[in-house]
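Let me begin by presenting the structure, written as structure tokens, before commenting on it.
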Amino acid sequence: MGVKLVFLGKLADLAGAPDKDVRGPLDWRGLLDALPGPLGEAARGDTVRLALNGTVLADKAALGAADGDEVALLPPVSGG
Amino acid sequence: MGVKLVFLGKLADLAGAPDKDVRGPLDWRGLLDALPGPLGEAARGDTVRLALNGTVLADKAALGAADGDEVALLPPVSGG
Amino acid sequence: MKDVRLLHGDLSPGNAMTAFSAAHPEAGGIVSFVGKVRPDGDVEALELRHYAPLTLAGMQQLAEATLARWRLDGVLLHHRTGALKPGDPIVLVAAAARHRRDAFEAAQFAMDHLKSDAWFWKREKRADGWRWVEPRGQDHADLARWT
Amino acid sequence: MKDVRLLHGDLSPGNAMTAFSAAHPEAGGIVSFVGKVRPDGDVEALELRHYAPLTLAGMQQLAEATLARWRLDGVLLHHRTGALKPGDPIVLVAAAARHRRDAFEAAQFAMDHLKSDAWFWKREKRADGWRWVEPRGQDHADLARWT
């Protein structure tokens, strides 16, 4: 059991899958290393936020995930 | 057949009836003469408007009604 | 498209909105307002009077003015007259539009005018008898927003 | 009172509004907004995705914020997720209040936030395939009104 990355919206298309398991522990640098090309670029963008186990992070660079955690990558939303 | 006066809202209470026939022709002065005490005072008030045959008069003093016409006295409205 | 009615009998917001929505499949958004006789306080009954030569024609003009001012697919104005009891719907206003902001503003515009600039007279019965209602200061302020 | 739902199946505005109105007999006015998949243009299908750990909780917080900001008897937020086709209702927002101005503002506040500040992701299918939708400039402007 590693860290589960969940890709929302257009990020799922870039990832080619809705989620992906990576080995923990995982910090912001490790996350970017785990994301290939366009997906990593998107993750760096100001409009993409991160949630760790259902809590949105105020500062993405403060990510600290361990095995069993879920990290969601949240691009700009659009509802209604 | 005279001029039919129609009293709306609280004016019907003051008049004691929803309408009243008076002899034509009828101008603004004649209308006030036809309306006893509190009803005449109310008619003079800025918030009461007049309609002649379904058309609201811009100037009450310009009233000119003949036998067969209908003059409505319209106090402040309240809907919805 | 306008759907303007002066109703002497029951006003059914649910049925009216279902029909209005079906009549406007092209609209992305529909805003509605239902006003009811409030059952709180001590109001036992309410009576709405209108003046046939003016009231419906004035509502039609209000609908036209609303359609002219915003980009709408349709507008609905249904207003009761006659005797009502607490909880009864008095008025239903709806606006269908491509963009929701237009629909919200149009519905408020129409409602503010029905409240204090349409040919209705309303009286309420309380324990101490019937009393004619005049618009609140807030109603006049709401209306003045649009001028 | 708040009625907040994330719906995986059909959203029925008529039934939901009938129940909401019955749940708020004390309210003098109820404003509703229904947003539908527009059948104009060339949108063939629409998909709404959500993120379970965030979406419903965020809607609940939005309902609380709406109740805290205006004097309301109740607020309703129903939002679809999953696959939709043109004409399907996506979202229903309603606010019940003593005074209509509160209800109109609250419904707009809730809707502006659901549109561009709630955890949904929307994509549309046209002749040239699927495309993810981002809020319009107008949506951001509508949201900024409330800050």
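Letters A, B, ... go to the chains of the structure tokens in the order shown; residues in each chain start at 1; ligands are counted from 1 in the same order.
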Looking only at the backbone, which of the residues in chain B does DSSP tag as strand (DSSP E), as an NGL selection string? :B and (3-7 or 19-22 or 26-27 or 49-52 or 55-56 or 64-65 or 70-74)
Identify all chain B residues at most 6 Å from chain C by counting only C-alpha atoms; ligands do not count. Present them as JSON, numbers by chain. {"B": [9, 54, 77, 78, 79, 80]}
Pull N, CA and C atoms from the residues just selected and write them as a PDB file, in the first residue's frame.
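Result file is again-v5.pdb:
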```pdb
ATOM      1  N   GLY B   9     -59.726  49.886  -3.118  1.00  0.00           N
ATOM      2  CA  GLY B   9     -59.024  49.784  -1.838  1.00  0.00           C
ATOM      3  C   GLY B   9     -59.774  50.477  -0.720  1.00  0.00           C
ATOM      4  N   GLY B  54     -60.447  53.448 -17.927  1.00  0.00           N
ATOM      5  CA  GLY B  54     -59.303  52.549 -17.998  1.00  0.00           C
ATOM      6  C   GLY B  54     -57.984  53.196 -18.371  1.00  0.00           C
ATOM      7  N   VAL B  77     -51.243  51.333  -4.158  1.00  0.00           N
ATOM      8  CA  VAL B  77     -51.433  49.905  -4.425  1.00  0.00           C
ATOM      9  C   VAL B  77     -50.589  49.053  -3.488  1.00  0.00           C
ATOM     10  N   SER B  78     -50.954  47.787  -3.405  1.00  0.00           N
ATOM     11  CA  SER B  78     -50.173  46.819  -2.656  1.00  0.00           C
ATOM     12  C   SER B  78     -50.490  45.421  -3.173  1.00  0.00           C
ATOM     13  N   GLY B  79     -49.512  44.815  -3.827  1.00  0.00           N
ATOM     14  CA  GLY B  79     -49.745  43.488  -4.394  1.00  0.00           C
ATOM     15  C   GLY B  79     -48.834  42.468  -3.740  1.00  0.00           C
ATOM     16  N   GLY B  80     -48.725  41.324  -4.415  1.00  0.00           N
ATOM     17  CA  GLY B  80     -47.789  40.271  -4.075  1.00  0.00           C
ATOM     18  C   GLY B  80     -47.810  39.835  -2.647  1.00  0.00           C
TER      19      GLY B  80
END
```
Contacts of Gly68 of chain A within 9 Å, only C-alpha atoms, excl. fewer than 4 positions in-chain, as JSON, numbers by chain: {"A": [1, 2, 3, 4, 24]}
List every residue of chain D that has an atom at most 10 Å from any atom of chain C, giving for each one its closest atom pair and the distance in Å to one decimal, counting only C-alpha atoms, sorted by chain and then by ascending residue number, as CSV.
```
residue,atom,partner,partner_atom,distance
D:Pro13,CA,C:Thr18,CA,8.8
D:Gly14,CA,C:Gly14,CA,6.0
D:Asn15,CA,C:Gly14,CA,8.2
D:Met17,CA,C:Gly14,CA,7.6
D:Thr18,CA,C:Gly14,CA,6.7
D:Ser21,CA,C:Val34,CA,9.3
D:Ala22,CA,C:Gly87,CA,9.7
D:His24,CA,C:Gly87,CA,9.8
D:Pro25,CA,C:Gly87,CA,6.4
D:Glu26,CA,C:Pro39,CA,5.9
D:Ala27,CA,C:Arg38,CA,6.5
D:Gly28,CA,C:Lys36,CA,5.1
D:Gly29,CA,C:Gly35,CA,4.5
D:Ile30,CA,C:Val34,CA,5.3
D:Val31,CA,C:Phe33,CA,4.5
D:Ser32,CA,C:Ser32,CA,5.2
D:Phe33,CA,C:Val31,CA,4.5
D:Val34,CA,C:Ile30,CA,5.2
D:Gly35,CA,C:Gly29,CA,4.4
D:Lys36,CA,C:Gly28,CA,5.1
D:Val37,CA,C:Gly28,CA,6.3
D:Arg38,CA,C:Gly28,CA,5.1
D:Pro39,CA,C:Glu26,CA,5.9
D:Asp40,CA,C:Glu26,CA,6.1
D:Gly41,CA,C:Glu26,CA,9.8
D:Pro86,CA,C:Pro25,CA,9.1
D:Gly87,CA,C:Pro25,CA,6.4
D:Asp88,CA,C:Pro25,CA,9.6
D:Pro89,CA,C:Gly28,CA,9.1
D:Ile90,CA,C:Gly28,CA,9.8
D:Val91,CA,C:Gly29,CA,9.4
D:Leu92,CA,C:Ile30,CA,9.7
D:Val93,CA,C:Val31,CA,9.4
D:Ala94,CA,C:Ser32,CA,9.2
D:Ala95,CA,C:Phe33,CA,9.7
D:Ala96,CA,C:Val34,CA,9.4
D:Ala97,CA,C:Gly35,CA,9.9
D:Arg98,CA,C:Arg38,CA,8.2
D:His99,CA,C:Gly35,CA,9.5
D:Arg100,CA,C:Gly35,CA,8.1
D:Arg101,CA,C:Gln108,CA,8.2
D:Ala103,CA,C:Phe33,CA,8.9
D:Phe104,CA,C:Phe104,CA,7.4
D:Glu105,CA,C:Phe104,CA,9.1
D:Ala107,CA,C:Phe104,CA,9.0
D:Gln108,CA,C:Phe104,CA,7.5
D:Met111,CA,C:Arg100,CA,8.9
D:Asp112,CA,C:Arg100,CA,9.3
D:Gln138,CA,C:Arg101,CA,9.4
D:Asp139,CA,C:Arg101,CA,9.7
D:Asp142,CA,C:Arg101,CA,8.3
```
Return as a PyMOL selection string the full set of residues in chain D whose backbone-based DSSP assignment is alpha helix (DSSP H). chain D and resi 13-23+55-69+100-116+137-144
Which residues come within 10 Å of Lys20 of chain B, counting only C-alpha atoms, excluding same-chain residues fewer than 4 positions away, as a ChimeraX atom specification? /B:2-7,15-16,34-35,71
With only C-alpha atoms as the counted atoms, please give the residues lying no more than 9 Å from Val4 of chain D, apart from itself and same-chain residues fewer than 5 positions off, as a ChimeraX atom specification. /D:56,59-60,63,75-79
Atom CA of Ala45 of chain C and atom CA of Asp128 of chain C, how far apart in Å?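 It comes out at 12.1 Å.
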Skipping near chain neighbours, those fewer than 5 positions away, what residues fall within 6 Å of segment 41-48 of chain B using only C-alpha atoms, listed as a list in words? Leu74, Pro75 and Pro76 of chain B
